[in-house]
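Source file: target.pdb (PDB, C-alpha atoms)
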ATOM      1  CA  MET A 558      -9.787  28.330 -49.208
ATOM      2  CA  ARG A 559      -8.906  25.624 -46.706
ATOM      3  CA  PHE A 560      -8.269  28.287 -44.078
ATOM      4  CA  ILE A 561     -11.623  29.960 -44.758
ATOM      5  CA  LEU A 562     -13.388  26.588 -44.605
ATOM      6  CA  GLY A 563     -11.696  25.866 -41.302
ATOM      7  CA  LEU A 564     -12.818  29.218 -39.873
ATOM      8  CA  ILE A 565     -16.392  28.582 -40.983
ATOM      9  CA  MET A 566     -16.387  25.122 -39.397
ATOM     10  CA  ALA A 567     -14.910  26.496 -36.163
ATOM     11  CA  GLY A 568     -17.542  29.231 -36.095
ATOM     12  CA  ILE A 569     -20.330  26.705 -36.565
ATOM     13  CA  ALA A 570     -18.945  24.567 -33.729
ATOM     14  CA  LEU A 571     -18.730  27.614 -31.460
ATOM     15  CA  ILE A 572     -22.253  28.823 -32.242
ATOM     16  CA  SER A 573     -23.655  25.328 -31.780
ATOM     17  CA  TYR A 574     -21.912  24.886 -28.435
ATOM     18  CA  TYR A 575     -22.994  28.176 -26.889
ATOM     19  CA  GLY A 576     -26.448  27.737 -28.378
ATOM     20  CA  LYS A 577     -26.859  24.860 -25.928
ATOM     21  CA  THR A 578     -26.559  27.092 -22.862
ATOM     22  CA  GLN A 579     -29.033  26.167 -20.129
ATOM     23  CA  VAL A 580     -29.432  27.048 -16.472
ATOM     24  CA  ASN A 581     -29.206  23.943 -14.315
ATOM     25  CA  PRO A 582     -32.587  23.820 -12.519
ATOM     26  CA  LEU A 583     -30.988  22.367  -9.373
ATOM     27  CA  THR A 584     -27.750  24.312  -8.992
ATOM     28  CA  GLY A 585     -28.358  27.532 -10.922
ATOM     29  CA  GLU A 586     -25.181  26.971 -12.960
ATOM     30  CA  LYS A 587     -25.070  28.103 -16.562
ATOM     31  CA  GLN A 588     -23.980  25.092 -18.588
ATOM     32  CA  GLN A 589     -23.713  24.009 -22.197
ATOM     33  CA  VAL A 590     -25.994  20.978 -22.321
ATOM     34  CA  GLY A 591     -27.693  19.576 -25.406
ATOM     35  CA  MET A 592     -30.599  17.777 -23.724
ATOM     36  CA  SER A 593     -33.300  18.297 -21.117
ATOM     37  CA  PRO A 594     -33.279  16.616 -17.680
ATOM     38  CA  GLU A 595     -36.125  14.409 -18.902
ATOM     39  CA  GLN A 596     -34.014  13.292 -21.854
ATOM     40  CA  GLU A 597     -31.134  12.543 -19.476
ATOM     41  CA  VAL A 598     -33.434  10.323 -17.406
ATOM     42  CA  ALA A 599     -34.636   8.498 -20.519
ATOM     43  CA  MET A 600     -31.064   8.005 -21.761
ATOM     44  CA  GLY A 601     -29.916   6.639 -18.407
ATOM     45  CA  LEU A 602     -32.829   4.216 -18.098
ATOM     46  CA  GLN A 603     -32.285   2.990 -21.646
ATOM     47  CA  SER A 604     -28.524   2.554 -21.173
ATOM     48  CA  ALA A 605     -28.597   0.950 -17.717
ATOM     49  CA  PRO A 606     -29.273  -2.705 -18.719
ATOM     50  CA  GLN A 607     -26.505  -2.709 -21.330
ATOM     51  CA  MET A 608     -24.088  -1.018 -18.955
ATOM     52  CA  ALA A 609     -24.824  -3.582 -16.259
ATOM     53  CA  GLN A 610     -24.267  -6.412 -18.721
ATOM     54  CA  GLU A 611     -20.794  -5.107 -19.524
ATOM     55  CA  TYR A 612     -19.891  -5.692 -15.872
ATOM     56  CA  GLY A 613     -21.360  -9.193 -15.691
ATOM     57  CA  GLY A 614     -24.845  -8.108 -14.715
ATOM     58  CA  LEU A 615     -26.186  -7.163 -11.299
ATOM     59  CA  TYR A 616     -24.800  -8.702  -8.117
ATOM     60  CA  PRO A 617     -27.080 -11.671  -7.261
ATOM     61  CA  ASP A 618     -27.834 -10.762  -3.647
ATOM     62  CA  ASN A 619     -31.025  -8.798  -3.144
ATOM     63  CA  GLN A 620     -30.160  -7.948   0.461
ATOM     64  CA  ILE A 621     -26.943  -6.251  -0.640
ATOM     65  CA  GLN A 622     -28.800  -4.445  -3.417
ATOM     66  CA  GLN A 623     -31.377  -3.126  -0.955
ATOM     67  CA  GLN A 624     -28.689  -1.948   1.460
ATOM     68  CA  ILE A 625     -27.042   0.085  -1.282
ATOM     69  CA  LYS A 626     -30.377   1.537  -2.346
ATOM     70  CA  SER A 627     -31.118   2.505   1.261
ATOM     71  CA  VAL A 628     -27.882   4.473   1.657
ATOM     72  CA  GLY A 629     -28.347   6.159  -1.714
ATOM     73  CA  LYS A 630     -31.953   7.061  -0.913
ATOM     74  CA  LYS A 631     -30.898   8.663   2.375
ATOM     75  CA  LEU A 632     -28.500  10.973   0.529
ATOM     76  CA  VAL A 633     -31.034  11.797  -2.191
ATOM     77  CA  ASN A 634     -33.687  12.579   0.419
ATOM     78  CA  SER A 635     -31.322  15.064   2.077
ATOM     79  CA  PHE A 636     -30.696  16.757  -1.236
ATOM     80  CA  ASN A 637     -34.397  16.774  -2.145
ATOM     81  CA  ALA A 638     -35.239  18.374   1.187
ATOM     82  CA  ASP A 639     -32.825  21.208   0.350
ATOM     83  CA  MET A 640     -34.432  21.632  -3.048
ATOM     84  CA  GLU A 641     -37.957  21.609  -1.630
ATOM     85  CA  ASN A 642     -36.993  24.404   0.764
ATOM     86  CA  LYS A 643     -36.056  26.416  -2.316
ATOM     87  CA  GLY A 644     -39.239  25.471  -4.158
ATOM     88  CA  VAL A 645     -37.370  23.357  -6.715
ATOM     89  CA  ASP A 646     -38.413  19.875  -7.863
ATOM     90  CA  ASN A 647     -35.679  17.325  -8.550
ATOM     91  CA  PRO A 648     -36.359  15.975 -12.077
ATOM     92  CA  TYR A 649     -33.949  13.035 -11.762
ATOM     93  CA  ARG A 650     -34.922   9.442 -10.950
ATOM     94  CA  PHE A 651     -32.171   7.991  -8.788
ATOM     95  CA  ASP A 652     -31.597   4.286  -8.388
ATOM     96  CA  PHE A 653     -28.561   2.424  -7.083
ATOM     97  CA  HIS A 654     -27.152  -0.895  -8.239
ATOM     98  CA  VAL A 655     -24.288  -3.250  -7.355
ATOM     99  CA  LEU A 656     -22.578  -4.860 -10.341
ATOM    100  CA  ARG A 657     -21.346  -8.456 -10.266
ATOM    101  CA  ASP A 658     -17.788  -7.565 -11.417
ATOM    102  CA  SER A 659     -15.503  -8.402  -8.462
ATOM    103  CA  LYS A 660     -12.211  -7.412 -10.123
ATOM    104  CA  THR A 661     -12.966  -3.879 -11.296
ATOM    105  CA  VAL A 662     -12.791  -1.174  -8.628
ATOM    106  CA  ASN A 663     -15.194   1.457  -9.907
ATOM    107  CA  ALA A 664     -18.413   3.392  -9.471
ATOM    108  CA  PHE A 665     -20.155   5.575 -12.026
ATOM    109  CA  ALA A 666     -23.364   7.431 -12.789
ATOM    110  CA  LEU A 667     -25.389   7.494 -15.980
ATOM    111  CA  PRO A 668     -27.284  10.631 -16.980
ATOM    112  CA  GLY A 669     -30.552  11.014 -15.107
ATOM    113  CA  GLY A 670     -29.727   9.119 -11.915
ATOM    114  CA  GLN A 671     -28.815   5.461 -12.537
ATOM    115  CA  ILE A 672     -25.802   4.843 -10.265
ATOM    116  CA  PHE A 673     -23.598   1.743 -10.158
ATOM    117  CA  ILE A 674     -20.874   0.403  -7.876
ATOM    118  CA  THR A 675     -18.897  -2.734  -8.663
ATOM    119  CA  ALA A 676     -18.589  -5.612  -6.218
ATOM    120  CA  GLY A 677     -14.847  -5.062  -6.540
ATOM    121  CA  LEU A 678     -15.082  -1.607  -4.986
ATOM    122  CA  LEU A 679     -17.826  -2.494  -2.518
ATOM    123  CA  SER A 680     -15.716  -5.338  -1.100
ATOM    124  CA  ARG A 681     -12.931  -2.871  -0.273
ATOM    125  CA  LEU A 682     -15.179  -0.486   1.653
ATOM    126  CA  GLN A 683     -15.173  -0.885   5.428
ATOM    127  CA  SER A 684     -18.118   1.229   6.555
ATOM    128  CA  GLU A 685     -21.488   2.621   5.521
ATOM    129  CA  ASP A 686     -19.942   6.095   5.712
ATOM    130  CA  GLN A 687     -17.421   5.137   3.025
ATOM    131  CA  LEU A 688     -20.208   3.746   0.862
ATOM    132  CA  ALA A 689     -22.154   6.969   1.338
ATOM    133  CA  GLY A 690     -19.051   8.878   0.233
ATOM    134  CA  VAL A 691     -18.878   6.891  -3.011
ATOM    135  CA  LEU A 692     -22.601   7.244  -3.740
ATOM    136  CA  GLY A 693     -22.691  10.921  -2.748
ATOM    137  CA  HIS A 694     -19.914  11.645  -5.215
ATOM    138  CA  GLU A 695     -21.825   9.884  -8.009
ATOM    139  CA  ILE A 696     -25.062  11.709  -7.137
ATOM    140  CA  GLY A 697     -23.056  14.913  -7.538
ATOM    141  CA  HIS A 698     -22.204  13.966 -11.128
ATOM    142  CA  VAL A 699     -25.912  13.619 -11.925
ATOM    143  CA  VAL A 700     -27.015  16.799 -10.157
ATOM    144  CA  HIS A 701     -24.295  18.833 -11.863
ATOM    145  CA  ARG A 702     -25.214  17.256 -15.226
ATOM    146  CA  HIS A 703     -21.624  16.286 -15.931
ATOM    147  CA  SER A 704     -22.399  13.544 -18.450
ATOM    148  CA  ALA A 705     -24.633  15.774 -20.569
ATOM    149  CA  GLN A 706     -22.104  18.585 -20.274
ATOM    150  CA  GLN A 707     -19.272  16.320 -21.384
ATOM    151  CA  MET A 708     -21.287  15.216 -24.415
ATOM    152  CA  ALA A 709     -21.733  18.822 -25.515
ATOM    153  CA  LYS A 710     -18.054  19.575 -24.915
ATOM    154  CA  GLY A 711     -17.039  16.487 -26.850
ATOM    155  CA  GLU A 712     -19.074  17.595 -29.858
ATOM    156  CA  PHE A 713     -17.545  21.072 -29.613
ATOM    157  CA  PHE A 714     -13.923  19.918 -29.495
ATOM    158  CA  GLN A 715     -14.522  17.400 -32.257
ATOM    159  CA  GLY A 716     -15.836  20.289 -34.329
ATOM    160  CA  LEU A 717     -12.706  22.350 -33.618
ATOM    161  CA  ALA A 718     -10.460  19.398 -34.428
ATOM    162  CA  GLY A 719     -12.316  18.947 -37.733
ATOM    163  CA  ALA A 720     -11.906  22.651 -38.462
ATOM    164  CA  ALA A 721      -8.152  22.442 -37.865
ATOM    165  CA  THR A 722      -7.902  19.458 -40.183
ATOM    166  CA  ALA A 723      -9.888  21.245 -42.908
ATOM    167  CA  ALA A 724      -7.770  24.376 -42.584
ATOM    168  CA  SER A 725      -4.428  22.587 -42.846
ATOM    169  CA  GLY A 726      -5.211  19.588 -45.004
ATOM    170  CA  SER A 727      -2.615  17.786 -42.901
ATOM    171  CA  TYR A 728      -3.080  14.487 -41.105
ATOM    172  CA  GLY A 729      -0.271  15.438 -38.722
ATOM    173  CA  THR A 730      -2.128  18.605 -37.779
ATOM    174  CA  ALA A 731      -5.274  16.525 -37.279
ATOM    175  CA  GLN A 732      -3.409  14.316 -34.808
ATOM    176  CA  VAL A 733      -2.203  17.364 -32.853
ATOM    177  CA  ALA A 734      -5.686  18.883 -32.908
ATOM    178  CA  ASN A 735      -7.232  15.672 -31.620
ATOM    179  CA  TYR A 736      -4.574  15.455 -28.918
ATOM    180  CA  VAL A 737      -5.307  19.019 -27.763
ATOM    181  CA  ALA A 738      -9.037  18.260 -27.760
ATOM    182  CA  GLN A 739      -8.383  15.181 -25.624
ATOM    183  CA  ILE A 740      -6.310  17.176 -23.126
ATOM    184  CA  LYS A 741      -9.040  19.819 -22.840
ATOM    185  CA  MET A 742     -11.667  17.176 -22.131
ATOM    186  CA  MET A 743      -9.453  15.569 -19.474
ATOM    187  CA  LYS A 744      -9.112  18.910 -17.699
ATOM    188  CA  PHE A 745     -12.866  19.317 -17.644
ATOM    189  CA  GLY A 746     -13.090  15.793 -16.272
ATOM    190  CA  ARG A 747     -10.827  16.644 -13.334
ATOM    191  CA  ASP A 748     -12.925  19.718 -12.537
ATOM    192  CA  ASP A 749     -16.054  17.563 -12.558
ATOM    193  CA  GLU A 750     -14.510  15.109 -10.099
ATOM    194  CA  LEU A 751     -13.590  17.866  -7.661
ATOM    195  CA  GLN A 752     -17.073  19.375  -7.917
ATOM    196  CA  SER A 753     -18.649  15.988  -7.194
ATOM    197  CA  ASP A 754     -16.328  15.491  -4.222
ATOM    198  CA  GLU A 755     -17.617  18.774  -2.787
ATOM    199  CA  PHE A 756     -21.211  17.674  -3.297
ATOM    200  CA  GLY A 757     -20.436  14.386  -1.566
ATOM    201  CA  VAL A 758     -18.926  16.087   1.494
ATOM    202  CA  ARG A 759     -21.866  18.426   1.821
ATOM    203  CA  TYR A 760     -24.531  15.734   1.690
ATOM    204  CA  LEU A 761     -22.650  13.282   3.869
ATOM    205  CA  ILE A 762     -22.807  15.983   6.541
ATOM    206  CA  HIS A 763     -26.480  16.671   5.764
ATOM    207  CA  SER A 764     -27.252  12.948   6.102
ATOM    208  CA  ASN A 765     -25.318  12.498   9.370
ATOM    209  CA  TYR A 766     -22.494  10.493   7.837
ATOM    210  CA  GLN A 767     -18.841  11.152   8.647
ATOM    211  CA  PRO A 768     -17.400  13.231   5.771
ATOM    212  CA  GLU A 769     -13.876  12.072   6.637
ATOM    213  CA  ALA A 770     -14.933   8.755   5.125
ATOM    214  CA  MET A 771     -14.378  10.342   1.708
ATOM    215  CA  ILE A 772     -10.679  10.687   2.573
ATOM    216  CA  GLU A 773     -10.634   6.993   3.431
ATOM    217  CA  VAL A 774     -12.235   6.262   0.042
ATOM    218  CA  MET A 775      -9.445   8.209  -1.676
ATOM    219  CA  GLU A 776      -6.900   6.043   0.138
ATOM    220  CA  ILE A 777      -8.728   2.904  -0.974
ATOM    221  CA  LEU A 778      -8.797   4.104  -4.586
ATOM    222  CA  ALA A 779      -5.114   5.018  -4.449
ATOM    223  CA  GLU A 780      -4.255   1.563  -3.112
ATOM    224  CA  ALA A 781      -6.335  -0.082  -5.843
ATOM    225  CA  SER A 782      -4.448   1.886  -8.505
ATOM    226  CA  GLY A 783      -0.983   1.142  -7.148
ATOM    227  CA  GLY A 784      -0.767   3.149  -3.953
ATOM    228  CA  ASP A 785       0.464   6.439  -5.429
ATOM    229  CA  MET A 786      -1.357   9.344  -3.752
ATOM    230  CA  ASN A 787       0.735  11.910  -5.644
ATOM    231  CA  ARG A 788       0.685  10.642  -9.228
ATOM    232  CA  ASP A 789       0.895  13.149 -12.067
ATOM    233  CA  GLU A 790      -2.464  14.621 -13.084
ATOM    234  CA  PHE A 791      -1.361  15.278 -16.670
ATOM    235  CA  MET A 792      -3.127  12.970 -19.135
ATOM    236  CA  SER A 793      -5.515  11.763 -16.441
ATOM    237  CA  SER A 794      -9.257  12.217 -16.280
ATOM    238  CA  HIS A 795      -9.159  12.287 -12.470
ATOM    239  CA  PRO A 796      -7.231  14.554 -10.086
ATOM    240  CA  SER A 797      -4.499  12.882  -8.056
ATOM    241  CA  PRO A 798      -5.815  11.355  -4.799
ATOM    242  CA  ALA A 799      -3.573  13.718  -2.809
ATOM    243  CA  ASN A 800      -5.106  16.750  -4.521
ATOM    244  CA  ARG A 801      -8.621  15.424  -3.924
ATOM    245  CA  VAL A 802      -7.876  14.748  -0.250
ATOM    246  CA  GLN A 803      -6.697  18.320   0.267
ATOM    247  CA  LYS A 804      -9.839  19.710  -1.344
ATOM    248  CA  ILE A 805     -12.050  17.348   0.657
ATOM    249  CA  LYS A 806     -10.454  18.539   3.910
ATOM    250  CA  GLU A 807     -11.198  22.132   2.894
ATOM    251  CA  HIS A 808     -14.829  21.258   2.150
ATOM    252  CA  ILE A 809     -15.211  19.472   5.494
ATOM    253  CA  VAL A 810     -14.091  22.613   7.308
ATOM    254  CA  ARG A 811     -16.334  24.740   5.114
ATOM    255  CA  TYR A 812     -19.524  22.754   5.578
ATOM    256  CA  SER A 813     -19.186  21.193   9.025
ATOM    257  CA  GLY A 814     -20.252  24.343  10.847
ATOM    258  CA  ASN A 815     -22.997  25.183   8.353
ATOM    259  CA  PRO A 816     -23.759  22.715   5.540
ATOM    260  CA  SER A 817     -25.748  25.405   3.714
ATOM    261  CA  ALA A 818     -22.961  27.975   3.892
ATOM    262  CA  ALA A 819     -22.334  27.996   0.155
ATOM    263  CA  GLY A 820     -23.334  26.420  -3.102
ATOM    264  CA  PHE A 821     -26.905  25.886  -4.209
TER
END
As a first step, turn the structure in this file into C-alpha cells.
Amino acid sequence: MRFILGLIMAGIALISYYGKTQVNPLTGEKQQVGMSPEQEVAMGLQSAPQMAQEYGGLYPDNQIQQQIKSVGKKLVNSFNADMENKGVDNPYRFDFHVLRDSKTVNAFALPGGQIFITAGLLSRLQSEDQLAGVLGHEIGHVVHRHSAQQMAKGEFFQGLAGAATAASGSYGTAQVANYVAQIKMMKFGRDDELQSDEFGVRYLIHSNYQPEAMIEVMEILAEASGGDMNRDEFMSSHPSPANRVQKIKEHIVRYSGNPSAAGF
C-alpha cells in the first residue's frame, strides 16, 4: 500500500508540474512556471523592501543609485528594442538598486525585474563595462523567468521526495530522496547561470559595452570566493568560474559579428 501511495503522489507531482507549462512571451522557451509575468512583477515589488532590509537597506548615496539605474536602463532599452522589432511587449518592470552591505559580494534579481547589487561587489568593480556585465546577467535571470521556474521545480522535487518517503516509510530513504532533489535543483541552477551569462554577453554587445568585461567579473568573483577558478562544480549552485569564462568566450565570438545571430 505504501508503494501504491508513493506512485500516486509521484503521479500527482508530475501532472502538476507539467500542467504549469507556459511559453515564455519574450524568449519563446517552453517552461514549467506556476505564475504569470504580472504575478512575477507583483511578487518582486512586494519582496523588494524586505530583501533590501536584509542587506542593511539601500546604499545612502542617490548619485550612485542613479548611476546604477542608468547602466541598467541602457541594457533594458537594448533588449526592449529587440522585442519591439519582433512585435513583443516586455511585461517586466526593471529597476536597479545598490544595497548598503559592504561585506557581501553579491548581486541578484527578484522575479519581475527588481535587481540588486551589494556595495561589497560594486566596490570591487573597476569599470562601467564590468557593472553592465553584472546587471546584464541579472536581467537575463528575469527575462528567462528563472526564479519562477525554480519555484515550480522546487515544488515538483519536493513532491517526488514526499512520494519516496511515503513509499518506503523510511526516514533514511527520505534523507536520500531530499539529497537527490537538492542535487537536481543545483544542476538546474548552474544551467540558469550559464544561460544568463549568454544573455549578458549578447546585450553588452548590443549596448556598446565590452563583453570581455564579463570575464573580468568572473575573475573578481573568483578572487572574492578564495581565488579558485577551477573549483569543483558538484554540490554548487553556480558553475566554476573557469567553466563560465570558457562559455563566455564562446558567446563573445558567436555574437560579436552578429548579435542577433541566435537566440530570441
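Closest approach to Leu778 of chain A among A:Gln671, A:Gln803, A:Thr661, A:Gln596: A:Thr661, based on only C-alpha atoms.
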Seminar exercise, completed: Of A:Pro594, A:Gly693, A:Gly677, A:Gly629, the one sitting nearest Tyr616 of chain A when using only C-alpha atoms is A:Gly677
I'd like a table as JSON lines: residues in segment 624-729 of chain A with an atom no more than 9 Å from segment 603-609 of chain A, each row giving the shortest atom pair and its distance in Å to one decimal, all atoms listed in the file counted, sorted by chain and rising residue number.
{"residue": "A:His654", "atom": "CA", "partner": "A:Ala609", "partner_atom": "CA", "distance": 8.8}
{"residue": "A:Val655", "atom": "CA", "partner": "A:Ala609", "partner_atom": "CA", "distance": 8.9}
{"residue": "A:Leu656", "atom": "CA", "partner": "A:Ala609", "partner_atom": "CA", "distance": 6.5}
{"residue": "A:Arg657", "atom": "CA", "partner": "A:Ala609", "partner_atom": "CA", "distance": 8.5}
{"residue": "A:Leu667", "atom": "CA", "partner": "A:Ala605", "partner_atom": "CA", "distance": 7.5}
{"residue": "A:Gln671", "atom": "CA", "partner": "A:Ala605", "partner_atom": "CA", "distance": 6.9}
{"residue": "A:Ile672", "atom": "CA", "partner": "A:Ala605", "partner_atom": "CA", "distance": 8.9}
{"residue": "A:Phe673", "atom": "CA", "partner": "A:Ala609", "partner_atom": "CA", "distance": 8.2}
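One finds atom CA of Tyr649 of chain A at 19.1 Å from atom CA of Ser764 of chain A.
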Exercise. Expressed in Å to a single decimal, how great is the separation between atom CA of Gly746 of chain A and atom CA of Thr584 of chain A?
Worked result: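 These atoms are spaced 18.5 Å apart.
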Exercise. Mind telling me what the PyMOL selection byres ((chain A and resi 754-757) around 7) catches here, as a count of residues only?
Worked result: 14
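Atom CA of Phe653 of chain A lies 12.1 Å from atom CA of Asn619 of chain A.
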Exercise. With distances taken over all atoms listed in the file, which of A:Lys587, A:His763, A:Arg747, A:Lys630 is nearest to Arg650 of chain A?
Worked result: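 Once distances to Arg650 of chain A are computed over all atoms listed in the file, the minimum belongs to A:Lys630.
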Expected selection from the PyMOL selection byres ((chain A and resi 689) around 9), given as an mmCIF file with C-alpha atoms, keeping the file's coordinate frame:
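The file below, expr.cif, is the result:
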data_model
loop_
_atom_site.group_PDB
_atom_site.id
_atom_site.type_symbol
_atom_site.label_atom_id
_atom_site.label_comp_id
_atom_site.auth_asym_id
_atom_site.auth_seq_id
_atom_site.Cartn_x
_atom_site.Cartn_y
_atom_site.Cartn_z
ATOM 1 C CA ILE A 625 -27.042 0.085 -1.282
ATOM 2 C CA VAL A 628 -27.882 4.473 1.657
ATOM 3 C CA GLY A 629 -28.347 6.159 -1.714
ATOM 4 C CA LYS A 631 -30.898 8.663 2.375
ATOM 5 C CA LEU A 632 -28.500 10.973 0.529
ATOM 6 C CA SER A 684 -18.118 1.229 6.555
ATOM 7 C CA GLU A 685 -21.488 2.621 5.521
ATOM 8 C CA ASP A 686 -19.942 6.095 5.712
ATOM 9 C CA GLN A 687 -17.421 5.137 3.025
ATOM 10 C CA LEU A 688 -20.208 3.746 0.862
ATOM 11 C CA GLY A 690 -19.051 8.878 0.233
ATOM 12 C CA VAL A 691 -18.878 6.891 -3.011
ATOM 13 C CA LEU A 692 -22.601 7.244 -3.740
ATOM 14 C CA GLY A 693 -22.691 10.921 -2.748
ATOM 15 C CA HIS A 694 -19.914 11.645 -5.215
ATOM 16 C CA GLY A 757 -20.436 14.386 -1.566
ATOM 17 C CA LEU A 761 -22.650 13.282 3.869
ATOM 18 C CA TYR A 766 -22.494 10.493 7.837
ATOM 19 C CA ALA A 770 -14.933 8.755 5.125
ATOM 20 C CA MET A 771 -14.378 10.342 1.708
#
Problem set entry | Residues selected by the PyMOL selection byres ((chain A and resi 591) around 9), written as a PyMOL selection string | chain A and resi 574+576-579+589-590+592-593+705-706+708-709
Selection export as a PDB file, in the coordinates of the input, atoms kept: C-alpha atoms:
ATOM      1  CA  TYR A 574     -21.912  24.886 -28.435  1.00  0.00           C
ATOM      2  CA  GLY A 576     -26.448  27.737 -28.378  1.00  0.00           C
ATOM      3  CA  LYS A 577     -26.859  24.860 -25.928  1.00  0.00           C
ATOM      4  CA  THR A 578     -26.559  27.092 -22.862  1.00  0.00           C
ATOM      5  CA  GLN A 579     -29.033  26.167 -20.129  1.00  0.00           C
ATOM      6  CA  GLN A 589     -23.713  24.009 -22.197  1.00  0.00           C
ATOM      7  CA  VAL A 590     -25.994  20.978 -22.321  1.00  0.00           C
ATOM      8  CA  MET A 592     -30.599  17.777 -23.724  1.00  0.00           C
ATOM      9  CA  SER A 593     -33.300  18.297 -21.117  1.00  0.00           C
ATOM     10  CA  ALA A 705     -24.633  15.774 -20.569  1.00  0.00           C
ATOM     11  CA  GLN A 706     -22.104  18.585 -20.274  1.00  0.00           C
ATOM     12  CA  MET A 708     -21.287  15.216 -24.415  1.00  0.00           C
ATOM     13  CA  ALA A 709     -21.733  18.822 -25.515  1.00  0.00           C
TER      14      ALA A 709
END
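Of the listed residues (A:Glu641, A:Ser813, A:Ser797, A:Ala676), A:Ser797 comes nearest to Glu776 of chain A; the distances count only C-alpha atoms.
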For this session: Place a sphere of radius 8 Å on (-29.5, 19.7, -6.9) in the file coordinates and name every protein, DNA or RNA residue with an atom inside or on its surface, counting all atoms listed in the file; give the answer as number ranges by chain.
Result: A: 582-584, 636-637, 640, 647, 700-701, 821
File of the preceding selection, C-alpha atoms, as an mmCIF file, in the coordinates of the input:
data_model
loop_
_atom_site.group_PDB
_atom_site.id
_atom_site.type_symbol
_atom_site.label_atom_id
_atom_site.label_comp_id
_atom_site.auth_asym_id
_atom_site.auth_seq_id
_atom_site.Cartn_x
_atom_site.Cartn_y
_atom_site.Cartn_z
ATOM 1 C CA PRO A 582 -32.587 23.820 -12.519
ATOM 2 C CA LEU A 583 -30.988 22.367 -9.373
ATOM 3 C CA THR A 584 -27.750 24.312 -8.992
ATOM 4 C CA PHE A 636 -30.696 16.757 -1.236
ATOM 5 C CA ASN A 637 -34.397 16.774 -2.145
ATOM 6 C CA MET A 640 -34.432 21.632 -3.048
ATOM 7 C CA ASN A 647 -35.679 17.325 -8.550
ATOM 8 C CA VAL A 700 -27.015 16.799 -10.157
ATOM 9 C CA HIS A 701 -24.295 18.833 -11.863
ATOM 10 C CA PHE A 821 -26.905 25.886 -4.209
#
How big is the axis-aligned box, and where does its centre sit, when it encloses all atoms of segment 617-628 of chain A listed in the file and has 3 Å added on every side, reported in Å to one decimal as lines of an AutoDock Vina configuration file?
center_x = -29.2
center_y = -3.6
center_z = -2.8
size_x = 10.4
size_y = 22.1
size_z = 14.9
Starting from the incomplete input, reconstruct all heavy atoms of segment 588-592 of chain A and write that as a tab-separated table (two decimals), keeping the file's coordinate frame.
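Saved the output as out.tsv:
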chain	number	residue	atom	x	y	z
A	588	GLN	N	-24.74	26.18	-18.00
A	588	GLN	CA	-23.98	25.09	-18.59
A	588	GLN	C	-24.36	24.92	-20.05
A	588	GLN	O	-25.47	25.27	-20.45
A	588	GLN	CB	-24.28	23.78	-17.84
A	588	GLN	CG	-23.87	23.78	-16.39
A	588	GLN	CD	-24.33	22.52	-15.67
A	588	GLN	OE1	-25.49	22.38	-15.32
A	588	GLN	NE2	-23.40	21.59	-15.46
A	589	GLN	N	-23.42	24.37	-20.81
A	589	GLN	CA	-23.71	24.01	-22.20
A	589	GLN	C	-24.13	22.54	-22.20
A	589	GLN	O	-23.30	21.64	-22.03
A	589	GLN	CB	-22.49	24.25	-23.10
A	589	GLN	CG	-22.28	25.69	-23.49
A	589	GLN	CD	-21.89	26.58	-22.32
A	589	GLN	OE1	-20.99	26.26	-21.55
A	589	GLN	NE2	-22.56	27.71	-22.18
A	590	VAL	N	-25.41	22.32	-22.38
A	590	VAL	CA	-25.99	20.98	-22.32
A	590	VAL	C	-26.99	20.83	-23.46
A	590	VAL	O	-27.85	21.69	-23.65
A	590	VAL	CB	-26.70	20.72	-20.97
A	590	VAL	CG1	-27.37	19.36	-20.96
A	590	VAL	CG2	-25.71	20.83	-19.82
A	591	GLY	N	-26.88	19.74	-24.21
A	591	GLY	CA	-27.69	19.58	-25.41
A	591	GLY	C	-28.95	18.76	-25.21
A	591	GLY	O	-29.53	18.29	-26.20
A	592	MET	N	-29.38	18.55	-23.95
A	592	MET	CA	-30.60	17.78	-23.72
A	592	MET	C	-31.28	18.26	-22.45
A	592	MET	O	-30.67	18.94	-21.62
A	592	MET	CB	-30.28	16.28	-23.62
A	592	MET	CG	-29.37	15.91	-22.48
A	592	MET	SD	-28.97	14.13	-22.45
A	592	MET	CE	-27.89	14.03	-23.87
